[in-house]
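Chemist: Sharing a structure here in structure tokens format.
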Amino acid sequence: MPEKQPKNSVPIAKKIDHVLEMHGDKRNDPYFWLNERENPEVLAYLKAENSYADAVMKDTEDFQQQLFDEMKARYNENDESLPYFFNEYWYIVRYEEGKEHPLFTRKHLTLENPEELILDVNILAEKHKFFEVGSVAVSPNNKLASYSSDNMGRRIYELNFKNLETGEILQDQIPNTTGKAVWANDNEHVFYIRKDESLRAFQVYLHQLGTDSSQDVLVFHEKDETFDVNVYKTKSLEYIFIASSSTISDEQRFIPANDVLAEWKIIQPRIDDLEYAVEHYQDEFYIITNADDATNFKLVKTKVAQPGIEFWTDVIPHREDVLLEGFEIFNKYLVLEERTEGLLQLKIINSADNSAHFLPFSDPTYTAYIGLNLEFDTDKLRYGYTSLTQPSSTFEYDMKERTTILLKQQEVLGGDFSPENYISERIWAEARDGKKVPISLVFHKDTPKSSETPLLLYGYGSYGHTVDASFSNVRLSLLNRGFIFAIAHIRGGEYLGREWYEDGKMLSKKNTFFDFIDAAKHLIKENYTSSAHLYAMGGSAGGLLVGAVMNYEPELFNGIVAQVPFVDVVTTMLDETIPLTTGEFDEWGNPKKKKYYDYMKSYSPYDNIEAKNYPNLLITTGFHDSQVQYWEPAKWTAKLRDLKTDQNLLIFKTDLSSGHGGASGRFESLREDALEYAFIIKLENKIDGK
């Protein structure tokens, strides 16, 4: 690679042969050297790509600024969260005009009392290009607060502590944590989690305030590299739990929150394919689990004194057609978060007579979820609701009177938004194996369905993560320019239940890609759009999705946006020093076993690039990304440049100061959105007007 390149020249990464061998199969990876983070030539290449991207998008600079300004203008810069009451205080997170970061505040007993500032993140972030607070937690006596911060984007947090009575920042500093701190009830001890070299959460420590972190006590060490750990306190505040989890198995242990030196007791020792999560109420543990072949999960309970699986009794039995996603316990009610035929429902059960009813939702596709409910003895349920046309809202539902009050709705400023101006739909596409794939869509009421209509299709399809239909302020900038936005609820997510996930992982992973392709073809067949105006977007594992799809069907999309894409599947999954690799074996398979190696290699986007035409491409990454290392999209870009036979755009943009989540700050991330939208709109020749 030349030392200096003109800004408008196409960057060419040099090739250095690097043979990787496994199971007698040899792969030459000539761009393997790009993983040398400290190599000046690597940084020079990334900067050359950035300069080239800027040059290619030069004609959209003013338009990107216009998009940024209109996106930002829809937000209330003086916004604040809905107050919630806990342990004598109302807690509020708010933003001030002209500032990028939040202020964490509280008010004693009533909202009329003076505001107390817990933390002003703007002050902490002043000297950093990237700054993010992971969590803020107040001690049980309300006198102290822990807070965690990351100034690189690697999701490695330093824990600090503040005296809320004096404003003093304590000397206690704990580096290399997950960012979470759980207070014991004595107000002197906190539990936290450390990460290993691969950034796996693997050890739980106990810290006593006023002591050096080097003196902290190791409470639990998860030695199985396919598991990571979490620590939390129950809603009752009576127990502290350590949850040790892999993709397909859980093990939970607990102590009374009043006794940090108590012996940890295990609920149920880990068993392959046994998943469970625990909450506490009175003298019982309530457990959501897939025990006894409960594929879609069920709810059981057991006495605290007898927590083992042999004592679990059903509260809500398993149902073949209903996925149980969550629950909330109240003194007189049990609330279930369920998914039926893809749509979330909230079911209220009266504990006295076991009568039940559902909250009514009317949109064809939407998201509903149990909100923050910290009190047991109440008839009031806080829940959230949003759809493709309805801004995010928090409601209070009286479970006794069955009445609903809107507490807060996301504001959409600018004066040009009304839900009635937009139409949402849910349609079903037939996949090649006969399965029906749901697609959620939204568009402006003035946008026609035709072969000339641009459509952006979004997908993810991994880890059982479901991309539900929700509102986006930012998306209005596309919808108002005549685009249709669609979400393909493909296998690999849990939209249609647990089996929908199981049928899109491991040796069934290709179903994820084929579902997306078949959904796209269905949209074309039904005259929503055409290939000339069809675009795809996906991030992280969704980047794998669009990368694999364009190898299978390079002519199907006019353009693709791949955000922090996971595209070098085989090499990454063979390297256990890379963050998250070992914990992913239950999702993708372990390529040290030949059948998984062969299957991964057959779909890995990087390994399957060929000399052929590809769609227009915008690829993004963060240099400090801890989830998908920057070199995956860098290598992918370099190989595509070398082999593709078309003259379509290929732009690769690296944020040199951020990680997997992109830029920090409330509005800076909108510049990334503006770039992505400008790229798509440029391809549609719609830059000069709406």
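In the structure tokens, chains take letters A, B, ... by order of appearance, with residues numbered from 1 within each chain and ligands from 1 in the order shown.
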I'd like the contact shell of segment 617-630 of chain A - 6 Å cut-off, only C-alpha atoms, skipping same-chain residues fewer than 3 positions apart - returned as a PyMOL selection string.
Modeler: chain A and resi 153-154+559-564+566+649-656+658-660
Chemist: Hey, what's within 10 Å of segment 516-526 of chain A if we count only C-alpha atoms and toss same-chain stuff fewer than 5 positions away? As number ranges by chain, please?
Modeler: A: 427-432, 436-439, 449-451, 455-461, 486-491, 511, 531, 533-536, 545-546, 549-550, 552-553, 556-557
Chemist: With N, CA and C atoms retained, could you export that selection as a tab-separated table (two decimals), in the first residue's frame?
Modeler:
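Listing of out-v9.tsv after writing:
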```tsv
chain	number	residue	atom	x	y	z
A	427	ILE	N	-47.53	-8.41	6.73
A	427	ILE	CA	-47.84	-9.38	5.69
A	427	ILE	C	-46.97	-10.62	5.91
A	428	TRP	N	-47.27	-11.69	5.18
A	428	TRP	CA	-46.56	-12.96	5.36
A	428	TRP	C	-46.01	-13.42	4.01
A	429	ALA	N	-44.72	-13.72	4.01
A	429	ALA	CA	-44.07	-14.25	2.80
A	429	ALA	C	-43.86	-15.75	2.98
A	430	GLU	N	-43.95	-16.48	1.88
A	430	GLU	CA	-43.70	-17.92	1.95
A	430	GLU	C	-42.24	-18.20	1.66
A	431	ALA	N	-41.58	-18.84	2.64
A	431	ALA	CA	-40.18	-19.23	2.46
A	431	ALA	C	-40.11	-20.46	1.57
A	432	ARG	N	-38.93	-20.76	1.08
A	432	ARG	CA	-38.76	-21.87	0.11
A	432	ARG	C	-39.09	-23.23	0.68
A	436	LYS	N	-43.98	-19.65	6.80
A	436	LYS	CA	-44.47	-18.30	6.56
A	436	LYS	C	-43.63	-17.31	7.36
A	437	VAL	N	-43.06	-16.33	6.68
A	437	VAL	CA	-42.18	-15.34	7.31
A	437	VAL	C	-42.93	-14.01	7.43
A	438	PRO	N	-43.14	-13.52	8.67
A	438	PRO	CA	-43.83	-12.25	8.83
A	438	PRO	C	-42.94	-11.06	8.42
A	439	ILE	N	-43.57	-10.04	7.85
A	439	ILE	CA	-42.88	-8.80	7.49
A	439	ILE	C	-43.73	-7.64	8.01
A	449	LYS	N	-47.48	2.01	-3.65
A	449	LYS	CA	-46.77	0.75	-3.79
A	449	LYS	C	-46.58	0.52	-5.29
A	450	SER	N	-45.33	0.47	-5.72
A	450	SER	CA	-45.08	0.28	-7.15
A	450	SER	C	-43.65	-0.20	-7.34
A	451	SER	N	-43.34	-0.59	-8.55
A	451	SER	CA	-41.99	-1.05	-8.87
A	451	SER	C	-40.97	0.08	-8.80
A	455	LEU	N	-37.56	0.81	-1.15
A	455	LEU	CA	-37.91	0.09	0.07
A	455	LEU	C	-36.64	-0.35	0.78
A	456	LEU	N	-36.56	-0.09	2.07
A	456	LEU	CA	-35.43	-0.51	2.89
A	456	LEU	C	-35.88	-1.67	3.77
A	457	LEU	N	-35.25	-2.83	3.58
A	457	LEU	CA	-35.59	-4.04	4.33
A	457	LEU	C	-34.52	-4.29	5.40
A	458	TYR	N	-34.97	-4.37	6.64
A	458	TYR	CA	-34.06	-4.54	7.77
A	458	TYR	C	-34.21	-5.95	8.34
A	459	GLY	N	-33.09	-6.52	8.80
A	459	GLY	CA	-33.14	-7.85	9.41
A	459	GLY	C	-32.01	-8.08	10.38
A	460	TYR	N	-32.18	-9.09	11.24
A	460	TYR	CA	-31.14	-9.48	12.20
A	460	TYR	C	-31.04	-11.00	12.23
A	461	GLY	N	-31.91	-11.68	12.95
A	461	GLY	CA	-32.02	-13.12	12.84
A	461	GLY	C	-30.96	-13.95	13.54
A	486	ALA	N	-39.29	-1.79	6.00
A	486	ALA	CA	-39.82	-3.11	6.34
A	486	ALA	C	-38.85	-3.87	7.23
A	487	ILE	N	-39.41	-4.68	8.12
A	487	ILE	CA	-38.62	-5.57	8.98
A	487	ILE	C	-39.01	-7.00	8.63
A	488	ALA	N	-38.04	-7.82	8.27
A	488	ALA	CA	-38.28	-9.24	8.02
A	488	ALA	C	-38.02	-10.00	9.32
A	489	HIS	N	-39.06	-10.61	9.86
A	489	HIS	CA	-38.95	-11.33	11.14
A	489	HIS	C	-38.51	-12.77	10.88
A	490	ILE	N	-37.26	-12.90	10.52
A	490	ILE	CA	-36.71	-14.15	10.00
A	490	ILE	C	-36.33	-15.12	11.11
A	491	ARG	N	-36.13	-16.37	10.72
A	491	ARG	CA	-35.68	-17.37	11.68
A	491	ARG	C	-34.30	-17.01	12.24
A	511	ASN	N	-31.28	-20.95	6.99
A	511	ASN	CA	-32.69	-20.57	6.96
A	511	ASN	C	-32.86	-19.07	7.18
A	531	SER	N	-36.15	-4.73	-7.59
A	531	SER	CA	-34.73	-4.86	-7.24
A	531	SER	C	-33.97	-3.56	-7.47
A	533	HIS	N	-34.85	-0.72	-6.77
A	533	HIS	CA	-35.12	0.24	-5.71
A	533	HIS	C	-35.18	-0.42	-4.33
A	534	LEU	N	-34.61	-1.61	-4.23
A	534	LEU	CA	-34.65	-2.37	-2.99
A	534	LEU	C	-33.30	-2.29	-2.27
A	535	TYR	N	-33.35	-2.03	-0.96
A	535	TYR	CA	-32.14	-1.87	-0.15
A	535	TYR	C	-32.24	-2.75	1.09
A	536	ALA	N	-31.08	-3.18	1.59
A	536	ALA	CA	-31.04	-4.02	2.80
A	536	ALA	C	-30.13	-3.36	3.82
A	545	LEU	N	-25.90	-11.37	8.06
A	545	LEU	CA	-27.09	-11.65	7.25
A	545	LEU	C	-26.98	-11.02	5.87
A	546	VAL	N	-26.78	-9.70	5.82
A	546	VAL	CA	-26.78	-9.04	4.52
A	546	VAL	C	-25.55	-9.43	3.71
A	549	VAL	N	-26.41	-12.83	2.26
A	549	VAL	CA	-27.48	-12.68	1.27
A	549	VAL	C	-26.94	-12.15	-0.05
A	550	MET	N	-26.00	-11.20	0.01
A	550	MET	CA	-25.52	-10.62	-1.25
A	550	MET	C	-24.60	-11.58	-2.00
A	552	TYR	N	-25.37	-14.86	-2.08
A	552	TYR	CA	-26.37	-15.75	-2.70
A	552	TYR	C	-27.11	-15.05	-3.83
A	553	GLU	N	-27.49	-13.78	-3.60
A	553	GLU	CA	-28.35	-13.05	-4.55
A	553	GLU	C	-27.79	-11.66	-4.82
A	556	LEU	N	-30.22	-8.95	-6.24
A	556	LEU	CA	-31.53	-8.73	-5.63
A	556	LEU	C	-31.69	-7.32	-5.06
A	557	PHE	N	-30.60	-6.74	-4.58
A	557	PHE	CA	-30.66	-5.42	-3.94
A	557	PHE	C	-29.85	-4.41	-4.72
```
Chemist: Report as a PyMOL selection string: the residues of segment 317-391 of chain A with a DSSP assignment of strand (DSSP E or B), based on the backbone of this structure.
Modeler: chain A and resi 323-329+333-340+343-350+356-358+366-370+380-387
Chemist: Keeping only N, CA, C and O atoms, write the selected residues as a compact mmCIF listing (two decimals), in the first residue's frame.
Modeler:
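Everything below was put into part27.txt:
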```
# COMPACT_ATOMS: atom_id res chain seq x y z
N LEU A 323 -45.23 -18.15 23.42
CA LEU A 323 -43.89 -17.99 23.98
C LEU A 323 -43.97 -17.10 25.21
O LEU A 323 -44.41 -15.95 25.12
N LEU A 324 -43.56 -17.61 26.35
CA LEU A 324 -43.53 -16.83 27.59
C LEU A 324 -42.20 -16.09 27.66
O LEU A 324 -41.15 -16.71 27.78
N GLU A 325 -42.25 -14.77 27.57
CA GLU A 325 -41.01 -13.98 27.51
C GLU A 325 -40.64 -13.34 28.84
O GLU A 325 -39.47 -13.02 29.07
N GLY A 326 -41.62 -13.07 29.71
CA GLY A 326 -41.29 -12.43 30.97
C GLY A 326 -42.49 -12.40 31.89
O GLY A 326 -43.60 -12.77 31.50
N PHE A 327 -42.26 -11.96 33.13
CA PHE A 327 -43.36 -11.89 34.09
C PHE A 327 -43.02 -10.84 35.15
O PHE A 327 -41.87 -10.44 35.32
N GLU A 328 -44.04 -10.38 35.85
CA GLU A 328 -43.88 -9.43 36.94
C GLU A 328 -44.83 -9.84 38.05
O GLU A 328 -46.03 -10.11 37.81
N ILE A 329 -44.32 -9.92 39.29
CA ILE A 329 -45.12 -10.34 40.43
C ILE A 329 -45.58 -9.11 41.23
O ILE A 329 -44.77 -8.23 41.54
N TYR A 333 -51.49 -9.64 41.95
CA TYR A 333 -51.57 -9.94 40.52
C TYR A 333 -50.26 -10.56 40.03
O TYR A 333 -49.19 -10.34 40.58
N LEU A 334 -50.40 -11.33 38.96
CA LEU A 334 -49.26 -11.83 38.21
C LEU A 334 -49.43 -11.34 36.77
O LEU A 334 -50.50 -11.53 36.18
N VAL A 335 -48.42 -10.70 36.24
CA VAL A 335 -48.49 -10.17 34.87
C VAL A 335 -47.53 -10.96 33.99
O VAL A 335 -46.35 -11.12 34.34
N LEU A 336 -48.02 -11.43 32.86
CA LEU A 336 -47.21 -12.21 31.93
C LEU A 336 -46.96 -11.41 30.65
O LEU A 336 -47.86 -10.73 30.16
N GLU A 337 -45.75 -11.53 30.15
CA GLU A 337 -45.40 -10.98 28.84
C GLU A 337 -45.30 -12.17 27.88
O GLU A 337 -44.39 -12.99 28.00
N GLU A 338 -46.26 -12.27 26.95
CA GLU A 338 -46.37 -13.43 26.09
C GLU A 338 -46.30 -13.01 24.62
O GLU A 338 -46.63 -11.88 24.28
N ARG A 339 -45.91 -13.96 23.78
CA ARG A 339 -45.88 -13.71 22.34
C ARG A 339 -46.69 -14.79 21.62
O ARG A 339 -46.41 -15.97 21.75
N THR A 340 -47.72 -14.34 20.90
CA THR A 340 -48.58 -15.25 20.15
C THR A 340 -48.61 -14.82 18.69
O THR A 340 -48.92 -13.66 18.40
N LEU A 343 -46.90 -11.47 17.93
CA LEU A 343 -47.28 -10.23 18.61
C LEU A 343 -47.23 -10.40 20.13
O LEU A 343 -47.71 -11.40 20.68
N LEU A 344 -46.68 -9.37 20.80
CA LEU A 344 -46.56 -9.40 22.25
C LEU A 344 -47.89 -9.04 22.90
O LEU A 344 -48.60 -8.14 22.45
N GLN A 345 -48.22 -9.75 23.97
CA GLN A 345 -49.43 -9.48 24.73
C GLN A 345 -49.10 -9.43 26.21
O GLN A 345 -48.20 -10.14 26.68
N LEU A 346 -49.82 -8.59 26.95
CA LEU A 346 -49.67 -8.51 28.40
C LEU A 346 -50.93 -9.09 29.04
O LEU A 346 -52.04 -8.60 28.81
N LYS A 347 -50.73 -10.13 29.82
CA LYS A 347 -51.84 -10.86 30.44
C LYS A 347 -51.83 -10.60 31.94
O LYS A 347 -50.81 -10.80 32.61
N ILE A 348 -52.97 -10.15 32.47
CA ILE A 348 -53.10 -9.84 33.88
C ILE A 348 -53.88 -10.97 34.56
O ILE A 348 -55.01 -11.28 34.17
N ILE A 349 -53.28 -11.60 35.56
CA ILE A 349 -53.93 -12.68 36.30
C ILE A 349 -54.17 -12.24 37.74
O ILE A 349 -53.24 -11.82 38.43
N ASN A 350 -55.41 -12.31 38.18
CA ASN A 350 -55.77 -11.98 39.55
C ASN A 350 -55.44 -13.18 40.43
O ASN A 350 -55.98 -14.28 40.24
N ALA A 356 -58.34 -13.90 34.45
CA ALA A 356 -57.29 -13.29 33.63
C ALA A 356 -57.91 -12.45 32.51
O ALA A 356 -59.01 -12.72 32.04
N HIS A 357 -57.17 -11.42 32.10
CA HIS A 357 -57.56 -10.63 30.94
C HIS A 357 -56.31 -10.05 30.28
O HIS A 357 -55.24 -9.98 30.90
N PHE A 358 -56.44 -9.65 29.01
CA PHE A 358 -55.33 -9.09 28.25
C PHE A 358 -55.53 -7.58 28.08
O PHE A 358 -56.66 -7.09 28.01
N TYR A 366 -46.68 -4.19 16.42
CA TYR A 366 -46.33 -3.27 17.50
C TYR A 366 -45.37 -3.95 18.48
O TYR A 366 -45.04 -5.13 18.33
N THR A 367 -44.99 -3.20 19.51
CA THR A 367 -44.20 -3.73 20.62
C THR A 367 -44.88 -3.32 21.92
O THR A 367 -45.23 -2.15 22.09
N ALA A 368 -45.08 -4.25 22.83
CA ALA A 368 -45.60 -3.96 24.16
C ALA A 368 -44.73 -4.69 25.17
O ALA A 368 -44.26 -5.80 24.90
N TYR A 369 -44.51 -4.09 26.33
CA TYR A 369 -43.61 -4.72 27.29
C TYR A 369 -43.91 -4.22 28.71
O TYR A 369 -44.44 -3.12 28.90
N ILE A 370 -43.60 -5.05 29.67
CA ILE A 370 -43.72 -4.67 31.08
C ILE A 370 -42.66 -3.63 31.39
O ILE A 370 -41.49 -3.81 31.06
N LYS A 380 -51.26 -0.87 40.34
CA LYS A 380 -50.85 -0.14 39.14
C LYS A 380 -49.70 -0.86 38.43
O LYS A 380 -48.70 -1.23 39.04
N LEU A 381 -49.88 -1.05 37.14
CA LEU A 381 -48.86 -1.65 36.29
C LEU A 381 -48.36 -0.60 35.30
O LEU A 381 -49.14 0.02 34.58
N ARG A 382 -47.07 -0.40 35.27
CA ARG A 382 -46.48 0.44 34.22
C ARG A 382 -46.08 -0.46 33.05
O ARG A 382 -45.41 -1.47 33.24
N TYR A 383 -46.49 -0.04 31.86
CA TYR A 383 -46.09 -0.82 30.69
C TYR A 383 -45.75 0.12 29.54
O TYR A 383 -46.19 1.28 29.50
N GLY A 384 -44.96 -0.38 28.61
CA GLY A 384 -44.57 0.41 27.45
C GLY A 384 -45.25 -0.10 26.20
O GLY A 384 -45.60 -1.28 26.09
N TYR A 385 -45.42 0.82 25.27
CA TYR A 385 -46.06 0.47 24.00
C TYR A 385 -45.52 1.37 22.90
O TYR A 385 -45.31 2.56 23.08
N THR A 386 -45.28 0.77 21.74
CA THR A 386 -44.87 1.54 20.57
C THR A 386 -45.21 0.72 19.33
O THR A 386 -45.34 -0.50 19.39
N SER A 387 -45.38 1.41 18.21
CA SER A 387 -45.59 0.72 16.94
C SER A 387 -44.83 1.49 15.87
O SER A 387 -44.18 2.50 16.14
```
Chemist: To one decimal place in Å, what is the distance between atom CA of His18 of chain A and atom CA of Tyr597 of chain A?
Modeler: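 Computing the Euclidean distance for atom CA of His18 of chain A and atom CA of Tyr597 of chain A yields 18.5 Å.
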Chemist: Write out as a PyMOL selection string the residues lying within 10 Å of segment 174-187 of chain A, counting only C-alpha atoms and excluding same-chain residues fewer than 6 positions away.
Modeler: chain A and resi 133-150+155-161+193-197+199-209+212-214+216+229-233+237-241+256-260
Chemist: Using only C-alpha atoms, which residues sit within 7 Å of segment 272-280 of chain A once same-chain residues fewer than 3 positions away are excluded, as a list of chain:residue names?
Modeler: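 Listed by chain and then number, they are A:Thr234, A:Ser236, A:Ile248, A:Ser249, A:Asp250, A:Glu284, A:Phe285, A:Tyr286, A:Ile287, A:Ile288, A:Thr289, A:Asn290, A:Ala291.
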Chemist: Would you compute the distance between atom CA of Lys303 of chain A and atom CA of Ala352 of chain A? Give it in Å to one decimal.
Modeler: 19.6 Å
Chemist: List the neighbours of Lys265 of chain A out to 7 Å using only C-alpha atoms; skip same-chain residues closer than 6 positions along the sequence, and give me the result as a short mmCIF file (atom, residue, chain, number, x, y, z; two decimals) with C-alpha atoms, in the first residue's frame.
Modeler:
```
data_model
loop_
_atom_site.label_atom_id
_atom_site.label_comp_id
_atom_site.auth_asym_id
_atom_site.auth_seq_id
_atom_site.Cartn_x
_atom_site.Cartn_y
_atom_site.Cartn_z
CA ARG A 253 -26.77 -19.05 43.10
CA PHE A 254 -27.88 -16.70 45.86
CA ILE A 255 -27.24 -15.24 49.32
#
```
